[in-house]
Amino acid sequence: MSDERGRTALPIDSLRPDFHRALEQGHCVVAAATGSGKSTRLPVWAADAGGPVLVVQPRRVAATSLAGFVAAQCGTAAGDEVGYAVRLERRYSERTRVLFVTPGVALRWRAEGRLAGFQTVILDEFHERRWDTDLLLALLRADGGQRLVITSATLEGERLAAALDGTYLESPGRGYPVDERHCGEQPRAMPQRKDLGKRLAAVVRRALAETAGDVLAFLPGQAEIEEARRSLSGVEAEVVRLHGGVRLSEQRRALEPGSARRVVLATNIAETSLTVPGVTAVVDSGLERRTLRRNGRTVLSLQPISRASAAQRAGRAGRLQPGTCYRLWGHAAPLPEHAPPEVLREDLTELVLAAAGAGYRVAELPFVDTPREESREQAEGLLRSLGALDASGRITTRGQRLFRMPVDPELAHLVLAMPDVETGGLMADWVAGLAAGDRWLQVRGDSDECEALAGLLGQRCDARLRVAALRCERLPGVRIDTRVREEGRRLAGQLRELLDLPAWPRPVSEPMNEGVPGLDSGRMERALTAAARAMPTWLYVRRGRRRQALGNGAGDEVVLGEHAWFPEEAEAALVLGTHSVPGKGTRQTISLATALAPMPLQWVVASGACSEGISEPAWTGERLTARREWLFAGRCIGSEEVEPEGAAAREAAAELILEDQLLAPAGSRLQDDLEAWSLYVALGYAEGAVPEARAWLLEQLERLGVERGEDLTLLEPEDLRFPGVPEWQRPDFDERYPRRVQLPDLDLRIHYHVRRREVVAEKVGGIRRTDPKRWELPAWPGWRVRFQRASRVVDIR
């Protein structure tokens, strides 16, 4: 592998002796500029130093591309001495000495004990500070026994080397000067989303006119890339897209030299390890999509890039010759120096589960930056509710099964929650379709095609649509990304295999009139009600007046996303996918529902997620009736007339008694007795608790054995007498401290404020307009007496 004859010299080559010495001593941190060769040379050198090498690359495209490039440099085919393993695709053998993998693969292998066979582990592009690479580094540091190499183009390398007690090496890149031109309207103008496609296209045309090579344009996501591509219609250059969602053929076109001049529209996938040949000009939007924590949620937000990322992007223009970088912001824009690591700004559920799968609690691991305690505790609480962690925070058998599944823990939990193999297979396909993302299929047909599609599926339903798109080659009015669909099919097959479910069915060319196989109503009902029991916080019902909004039992709310395929008449849904975005101000967060499965309200009731209530109680003299209501998210979603029993019967009876509609005057007398007792205790005549009227009454009814309406016929009002103020003291006490006073044309309710020795006589009735005189009221010696009418309060003298 070490034969380098015929290779082009790279700046990193000067570090080879120092790198070998550093590996002999232990860990190593290498900071090398873009284009220095660190991602291709260091793995080979580490293998020459002894033992197999694992190279962890943040992105699948980079892992597979680098493996192919290094293999070609070593004169071998990918999968022989140099290989790769990414989700759903792997190419390596027993002869493999350098293996490129993604962080997810590395974490699963660590949990299975498979990393012990590698002498050196290289974490490339560590400056991206993904949670999985941060966790992997913490695990490897805790384990010990392996040489660690951390590489990056922009990194606080000396700080990291000190933390690892390792050697810090630095190499310049093979860079030419880059002329930086800022296109912002004002010196401090920040990158912005408004009219981004048009503005970027205008600058791309300028770059094509002012420079001679290819143009690489950085955009935050697929939507912006498509917008810019449309704005570049008619440009005299080939427009190529480069992001994780495009077909492999288009990715290869972007990563290989073109026969004509090109414009490559890329996300920050092109910022680091991947080399786009022929580029002499970069157009940088200055934006990226980055997660952050907001009000306890992980929000995907459009954010300005850091200065470090801006330098990385600009360097792409100077790989071949002096280049130019056009920046769509002002030269004095206050960009942050570095983006914060994901462990400080994302949900930590997957991190906590992965750490537990490796035998550690997060708090025990030596992270470079310690994850936030609040986020960690929130993740641990969710995983305990899923049965993945025990009370001590250690992984359970169920947690191990969840961790082995190549989807996030909550989706994996749904598959395990299914009651039979039929619903298990259905949910595996749902989950695979969801894991593929939101943009791989779109309903674009006319009204007739949409009606035909809804007929085939049984209704408008995002979940059914995803299953049908996996199981059928064609659907009316649906545009499908076949490459992503193939990945989804492989993922569905992998989930079925892991769970011993029936093999993935052969796709049908197109569904017939009888519909898509496996989406019958009975199977759907079993799957959805089981899913709602497993994840009750994913169950939502529509708001009464705001039809676009749905609420759940935990007080959360989602708004229907723009592309959600959800019937207007549906009142409830299992929300299988959400996307949180910032709202107005600095605190509001809006959750968009992107994948929904409609549920009839009776299925919501059957799921057991509702609370029950009793309303409209009535007593006929022999029979107690009421309406039983099923309540969810502040809304009554169903009711029926019943003769309540047990606690429900006592609730209905208590309401009637307190209104003196049953066993009168027990209810009004009870409330008066409790008022007297409360004052009696406050004045210090006795000690004891003062119960609430309804609670005491319910307890008394239960003690008296009331289980149904007929039991009430055996009671007398005296059975519900509260033993408060002693009977022999009560007349004198009521005379000294009345709670009601009636004067001519004036009814007063008396309030006693014992601590400040104050009596307030509140007008509650009567036509009298003048204030009462002091001599008209009881004596109340030593008390200050005041009169209240509406909001007016005055002293009475």
# chains A, B, ... in the order shown; residues from 1 in each chain; ligands from 1
>>> select_by_dssp(residues="region 91-187 of chain A", states="strand (DSSP E)", output="list in words")
Arg91, Val98, Leu99, Phe100, Val101, Thr120, Val121, Ile122, Leu123, Arg147, Leu148, Val149, Ile150, Thr151, Ser152, Thr167, Tyr168, Leu169, Glu170, Ser171, Val178, Asp179, Glu180, Arg181 and His182 of chain A
>>> write_last_selection(atoms="C-alpha atoms", output="compact mmCIF listing (two decimals), in the first residue's frame")
# COMPACT_ATOMS: atom_id res chain seq x y z
CA ARG A 91 -17.53 -3.34 0.08
CA VAL A 98 -8.01 0.67 5.17
CA LEU A 99 -11.75 0.84 5.68
CA PHE A 100 -13.82 4.02 5.27
CA VAL A 101 -17.06 4.06 7.28
CA THR A 120 -5.71 3.01 14.28
CA VAL A 121 -8.98 4.95 14.11
CA ILE A 122 -8.97 8.19 12.08
CA LEU A 123 -11.79 10.68 12.66
CA ARG A 147 -4.23 5.00 18.24
CA LEU A 148 -6.49 7.93 17.50
CA VAL A 149 -5.91 10.38 14.68
CA ILE A 150 -8.11 13.48 14.51
CA THR A 151 -7.98 15.42 11.27
CA SER A 152 -9.55 18.63 10.05
CA THR A 167 0.90 15.25 19.21
CA TYR A 168 -0.28 18.23 17.22
CA LEU A 169 0.82 18.49 13.59
CA GLU A 170 -0.04 21.21 11.10
CA SER A 171 0.39 21.31 7.34
CA VAL A 178 -8.01 33.52 -3.69
CA ASP A 179 -9.43 36.96 -4.39
CA GLU A 180 -12.40 37.46 -2.03
CA ARG A 181 -15.17 39.70 -3.32
CA HIS A 182 -18.13 40.59 -1.10
>>> select_by_dssp(residues="region 501-678 of chain A", states="alpha helix (DSSP H)", output="ChimeraX atom specification")
/A:521-534,601-606,647-658,666-678
>>> write_last_selection(atoms="N, CA and C atoms", output="compact mmCIF listing (two decimals), in the first residue's frame")
# COMPACT_ATOMS: atom_id res chain seq x y z
N SER A 521 -58.36 -2.09 5.79
CA SER A 521 -58.78 -1.31 6.95
C SER A 521 -58.47 -2.01 8.26
N GLY A 522 -58.69 -3.32 8.32
CA GLY A 522 -58.44 -4.04 9.56
C GLY A 522 -56.99 -3.98 9.99
N ARG A 523 -56.08 -4.17 9.06
CA ARG A 523 -54.66 -4.11 9.39
C ARG A 523 -54.25 -2.69 9.77
N MET A 524 -54.79 -1.71 9.07
CA MET A 524 -54.49 -0.32 9.40
C MET A 524 -54.96 0.03 10.80
N GLU A 525 -56.16 -0.42 11.17
CA GLU A 525 -56.68 -0.11 12.50
C GLU A 525 -55.80 -0.73 13.58
N ARG A 526 -55.40 -1.99 13.39
CA ARG A 526 -54.55 -2.64 14.40
C ARG A 526 -53.20 -1.93 14.52
N ALA A 527 -52.64 -1.55 13.37
CA ALA A 527 -51.32 -0.89 13.39
C ALA A 527 -51.39 0.48 14.04
N LEU A 528 -52.40 1.27 13.67
CA LEU A 528 -52.48 2.64 14.18
C LEU A 528 -52.83 2.69 15.65
N THR A 529 -53.76 1.84 16.10
CA THR A 529 -54.10 1.86 17.53
C THR A 529 -52.92 1.37 18.37
N ALA A 530 -52.18 0.37 17.87
CA ALA A 530 -50.99 -0.09 18.60
C ALA A 530 -49.92 1.00 18.63
N ALA A 531 -49.76 1.71 17.52
CA ALA A 531 -48.76 2.79 17.47
C ALA A 531 -49.14 3.92 18.41
N ALA A 532 -50.45 4.22 18.49
CA ALA A 532 -50.90 5.29 19.39
C ALA A 532 -50.67 4.90 20.84
N ARG A 533 -50.85 3.61 21.18
CA ARG A 533 -50.55 3.17 22.55
C ARG A 533 -49.06 3.27 22.84
N ALA A 534 -48.24 2.93 21.84
CA ALA A 534 -46.80 2.94 22.04
C ALA A 534 -46.23 4.35 22.11
N LEU A 601 -61.97 9.02 14.94
CA LEU A 601 -61.99 9.33 16.38
C LEU A 601 -62.25 8.10 17.22
N GLN A 602 -63.01 7.12 16.69
CA GLN A 602 -63.26 5.92 17.49
C GLN A 602 -61.99 5.10 17.67
N TRP A 603 -61.04 5.20 16.71
CA TRP A 603 -59.76 4.53 16.90
C TRP A 603 -58.94 5.21 17.99
N VAL A 604 -59.07 6.54 18.07
CA VAL A 604 -58.38 7.27 19.14
C VAL A 604 -58.91 6.81 20.50
N VAL A 605 -60.23 6.66 20.60
CA VAL A 605 -60.82 6.16 21.85
C VAL A 605 -60.30 4.75 22.14
N ALA A 606 -60.26 3.89 21.11
CA ALA A 606 -59.83 2.51 21.30
C ALA A 606 -58.36 2.41 21.69
N ALA A 647 -66.42 4.98 40.48
CA ALA A 647 -66.00 6.37 40.68
C ALA A 647 -66.83 7.33 39.82
N ALA A 648 -67.20 6.89 38.59
CA ALA A 648 -68.00 7.75 37.72
C ALA A 648 -69.37 8.02 38.34
N ALA A 649 -69.95 7.00 38.97
CA ALA A 649 -71.25 7.18 39.63
C ALA A 649 -71.13 8.17 40.79
N ARG A 650 -70.05 8.06 41.54
CA ARG A 650 -69.86 8.98 42.67
C ARG A 650 -69.61 10.41 42.19
N GLU A 651 -68.89 10.58 41.07
CA GLU A 651 -68.67 11.91 40.51
C GLU A 651 -69.99 12.54 40.10
N ALA A 652 -70.83 11.76 39.41
CA ALA A 652 -72.12 12.29 38.97
C ALA A 652 -73.00 12.64 40.16
N ALA A 653 -73.03 11.76 41.16
CA ALA A 653 -73.85 12.00 42.34
C ALA A 653 -73.37 13.23 43.10
N ALA A 654 -72.05 13.39 43.24
CA ALA A 654 -71.51 14.53 43.97
C ALA A 654 -71.92 15.84 43.33
N GLU A 655 -71.88 15.90 41.98
CA GLU A 655 -72.27 17.13 41.29
C GLU A 655 -73.73 17.46 41.58
N LEU A 656 -74.60 16.46 41.55
CA LEU A 656 -76.03 16.69 41.81
C LEU A 656 -76.26 17.09 43.26
N ILE A 657 -75.54 16.45 44.19
CA ILE A 657 -75.72 16.76 45.61
C ILE A 657 -75.30 18.20 45.91
N LEU A 658 -74.15 18.60 45.37
CA LEU A 658 -73.66 19.96 45.63
C LEU A 658 -74.58 21.02 45.06
N ALA A 666 -78.38 18.48 51.64
CA ALA A 666 -77.05 18.01 52.05
C ALA A 666 -75.93 18.82 51.38
N GLY A 667 -76.08 19.19 50.13
CA GLY A 667 -75.01 19.87 49.42
C GLY A 667 -74.76 21.27 49.94
N SER A 668 -75.82 22.10 50.03
CA SER A 668 -75.61 23.48 50.49
C SER A 668 -75.19 23.49 51.95
N ARG A 669 -75.74 22.56 52.75
CA ARG A 669 -75.35 22.52 54.16
C ARG A 669 -73.89 22.11 54.31
N LEU A 670 -73.42 21.17 53.46
CA LEU A 670 -72.02 20.76 53.52
C LEU A 670 -71.10 21.94 53.24
N GLN A 671 -71.41 22.74 52.26
CA GLN A 671 -70.56 23.87 51.93
C GLN A 671 -70.56 24.92 53.03
N ASP A 672 -71.72 25.11 53.68
CA ASP A 672 -71.77 26.05 54.80
C ASP A 672 -70.99 25.52 55.99
N ASP A 673 -71.11 24.21 56.24
CA ASP A 673 -70.38 23.60 57.36
C ASP A 673 -68.87 23.73 57.16
N LEU A 674 -68.42 23.56 55.92
CA LEU A 674 -66.99 23.66 55.65
C LEU A 674 -66.50 25.10 55.78
N GLU A 675 -67.31 26.07 55.38
CA GLU A 675 -66.94 27.47 55.58
C GLU A 675 -66.80 27.77 57.07
N ALA A 676 -67.75 27.29 57.86
CA ALA A 676 -67.69 27.53 59.31
C ALA A 676 -66.47 26.87 59.92
N TRP A 677 -66.19 25.64 59.50
CA TRP A 677 -65.04 24.92 60.05
C TRP A 677 -63.73 25.61 59.67
N SER A 678 -63.64 26.10 58.44
CA SER A 678 -62.43 26.80 58.01
C SER A 678 -62.17 28.02 58.89
>>> residues_around(residues="Val279 (chain A)", least_positions_apart="4", cutoff="7 Å", atoms="only C-alpha atoms", output="ChimeraX atom specification")
/A:213-216,317
>>> residues_around(residues="Pro58 (chain A)", least_positions_apart="5", cutoff="8 Å", atoms="only C-alpha atoms", output="MDAnalysis selection string")
chainID A and resid 63 102:103 124:125 130 133
>>> residues_around(residues="Gly765 (chain A)", least_positions_apart="2", cutoff="6 Å", atoms="only C-alpha atoms", output="PDB file with N, CA and C atoms, in the first residue's frame")
ATOM      1  N   LEU A 746     -80.598  44.757  51.134  1.00  0.00           N
ATOM      2  CA  LEU A 746     -79.163  44.559  50.944  1.00  0.00           C
ATOM      3  C   LEU A 746     -78.751  43.182  51.472  1.00  0.00           C
ATOM      4  N   ASP A 747     -78.207  42.335  50.597  1.00  0.00           N
ATOM      5  CA  ASP A 747     -77.692  41.025  50.978  1.00  0.00           C
ATOM      6  C   ASP A 747     -76.171  41.067  50.944  1.00  0.00           C
ATOM      7  N   LYS A 763     -71.397  43.114  48.905  1.00  0.00           N
ATOM      8  CA  LYS A 763     -72.767  43.148  48.422  1.00  0.00           C
ATOM      9  C   LYS A 763     -72.954  42.064  47.357  1.00  0.00           C
TER      10      LYS A 763
END
>>> residues_around(residues="region 427-433 of chain A", least_positions_apart="5", cutoff="6 Å", atoms="only C-alpha atoms", output="ChimeraX atom specification")
/A:415,466-467,488,491-492
>>> write_last_selection(atoms="N, CA and C atoms", output="mmCIF file, in the first residue's frame")
data_model
loop_
_atom_site.group_PDB
_atom_site.id
_atom_site.type_symbol
_atom_site.label_atom_id
_atom_site.label_comp_id
_atom_site.auth_asym_id
_atom_site.auth_seq_id
_atom_site.Cartn_x
_atom_site.Cartn_y
_atom_site.Cartn_z
ATOM 1 N N VAL A 415 -42.086 -0.145 15.464
ATOM 2 C CA VAL A 415 -42.072 -1.456 14.814
ATOM 3 C C VAL A 415 -42.174 -2.568 15.861
ATOM 4 N N ARG A 466 -46.398 6.341 1.471
ATOM 5 C CA ARG A 466 -45.014 5.869 1.529
ATOM 6 C C ARG A 466 -44.930 4.359 1.353
ATOM 7 N N VAL A 467 -45.828 3.632 2.000
ATOM 8 C CA VAL A 467 -45.832 2.176 1.838
ATOM 9 C C VAL A 467 -46.125 1.809 0.390
ATOM 10 N N GLY A 488 -34.940 2.814 0.420
ATOM 11 C CA GLY A 488 -36.022 2.523 1.340
ATOM 12 C C GLY A 488 -36.418 1.061 1.309
ATOM 13 N N LEU A 491 -33.847 -0.861 3.169
ATOM 14 C CA LEU A 491 -33.995 -0.641 4.611
ATOM 15 C C LEU A 491 -35.177 -1.428 5.157
ATOM 16 N N ALA A 492 -36.307 -1.436 4.428
ATOM 17 C CA ALA A 492 -37.465 -2.213 4.871
ATOM 18 C C ALA A 492 -37.107 -3.686 4.969
#
>>> closest_residue(among="A:Thr578, A:Gln321, A:Thr396, A:Gln788", to="Val760 (chain A)", atoms="only C-alpha atoms")
A:Gln788
>>> residues_around(residues="Leu416 (chain A)", least_positions_apart="4", cutoff="12 Å", atoms="only C-alpha atoms", output="compact mmCIF listing (two decimals) with N, CA and C atoms, in the first residue's frame")
# COMPACT_ATOMS: atom_id res chain seq x y z
N LEU A 386 -39.62 4.49 26.70
CA LEU A 386 -39.65 3.49 25.63
C LEU A 386 -39.21 2.11 26.12
N GLY A 387 -38.76 2.04 27.37
CA GLY A 387 -38.26 0.77 27.89
C GLY A 387 -36.86 0.46 27.44
N ALA A 388 -36.13 1.46 26.92
CA ALA A 388 -34.78 1.24 26.40
C ALA A 388 -33.72 1.35 27.49
N ARG A 398 -34.62 -4.55 25.52
CA ARG A 398 -35.38 -3.83 24.49
C ARG A 398 -34.53 -2.71 23.90
N GLY A 399 -33.79 -2.00 24.74
CA GLY A 399 -32.92 -0.94 24.26
C GLY A 399 -31.87 -1.46 23.29
N ARG A 401 -32.25 -4.00 21.31
CA ARG A 401 -32.94 -4.25 20.04
C ARG A 401 -33.17 -2.94 19.29
N LEU A 402 -33.56 -1.89 20.01
CA LEU A 402 -33.77 -0.60 19.38
C LEU A 402 -32.48 -0.06 18.77
N MET A 405 -31.39 -1.50 15.39
CA MET A 405 -32.19 -1.17 14.22
C MET A 405 -31.68 0.13 13.60
N PRO A 409 -34.58 5.76 17.50
CA PRO A 409 -35.20 4.89 18.51
C PRO A 409 -36.72 4.92 18.53
N GLU A 410 -37.33 6.07 18.31
CA GLU A 410 -38.79 6.15 18.39
C GLU A 410 -39.44 5.39 17.25
N LEU A 411 -38.88 5.51 16.04
CA LEU A 411 -39.42 4.74 14.92
C LEU A 411 -39.21 3.25 15.14
N ALA A 412 -38.04 2.88 15.65
CA ALA A 412 -37.79 1.47 15.94
C ALA A 412 -38.79 0.95 16.98
N ASP A 420 -48.69 -8.15 15.70
CA ASP A 420 -48.57 -9.38 14.92
C ASP A 420 -47.63 -9.13 13.75
N VAL A 421 -47.29 -10.20 13.01
CA VAL A 421 -46.31 -10.07 11.93
C VAL A 421 -46.86 -9.25 10.77
N THR A 423 -48.95 -6.55 10.92
CA THR A 423 -48.78 -5.13 11.23
C THR A 423 -47.31 -4.78 11.41
N GLY A 424 -46.50 -5.75 11.87
CA GLY A 424 -45.06 -5.51 11.99
C GLY A 424 -44.43 -5.22 10.64
N GLY A 425 -44.81 -6.01 9.62
CA GLY A 425 -44.29 -5.75 8.28
C GLY A 425 -44.77 -4.42 7.73
N LEU A 426 -46.03 -4.10 7.99
CA LEU A 426 -46.58 -2.81 7.55
C LEU A 426 -45.82 -1.66 8.19
N MET A 427 -45.58 -1.74 9.50
CA MET A 427 -44.88 -0.65 10.19
C MET A 427 -43.42 -0.58 9.77
N ALA A 428 -42.80 -1.72 9.48
CA ALA A 428 -41.41 -1.69 8.99
C ALA A 428 -41.34 -0.92 7.68
N VAL A 431 -41.85 2.83 8.43
CA VAL A 431 -40.65 3.42 9.02
C VAL A 431 -39.57 3.59 7.96
N LEU A 495 -34.98 -4.24 8.11
CA LEU A 495 -35.78 -4.22 9.34
C LEU A 495 -36.55 -5.53 9.49
N ARG A 496 -37.14 -6.00 8.41
CA ARG A 496 -37.88 -7.27 8.47
C ARG A 496 -36.95 -8.42 8.86
N LEU A 498 -34.12 -8.25 10.61
CA LEU A 498 -33.71 -8.11 12.01
C LEU A 498 -34.79 -8.60 12.96
N LEU A 499 -36.06 -8.45 12.59
CA LEU A 499 -37.17 -8.75 13.48
C LEU A 499 -37.88 -10.06 13.12
N ASP A 500 -37.27 -10.85 12.23
CA ASP A 500 -37.86 -12.13 11.82
C ASP A 500 -39.28 -11.97 11.30
N LEU A 501 -39.49 -10.91 10.53
CA LEU A 501 -40.79 -10.67 9.90
C LEU A 501 -40.78 -11.27 8.49
N ALA A 527 -52.64 -1.55 13.37
CA ALA A 527 -51.32 -0.89 13.39
C ALA A 527 -51.39 0.48 14.04
N ALA A 530 -52.18 0.37 17.87
CA ALA A 530 -50.99 -0.09 18.60
C ALA A 530 -49.92 1.00 18.63
N ALA A 531 -49.76 1.71 17.52
CA ALA A 531 -48.76 2.79 17.47
C ALA A 531 -49.14 3.92 18.41
N ALA A 534 -48.24 2.93 21.84
CA ALA A 534 -46.80 2.94 22.04
C ALA A 534 -46.23 4.35 22.11
N MET A 535 -46.78 5.26 21.32
CA MET A 535 -46.29 6.64 21.29
C MET A 535 -47.47 7.59 21.41
>>> closest_residue(among="A:Thr594, A:Thr324, A:Thr713, A:Ser233", to="Ala212 (chain A)", atoms="only C-alpha atoms")
A:Thr324
>>> atom_distance(atom1="CA of Val759 (chain A)", atom2="CA of Arg786 (chain A)")
6.2 Å
>>> atom_distance(atom1="CA of Glu616 (chain A)", atom2="CA of Gly553 (chain A)")
23.6 Å
>>> atom_distance(atom1="CA of Ala626 (chain A)", atom2="CA of Ala573 (chain A)")
28.8 Å
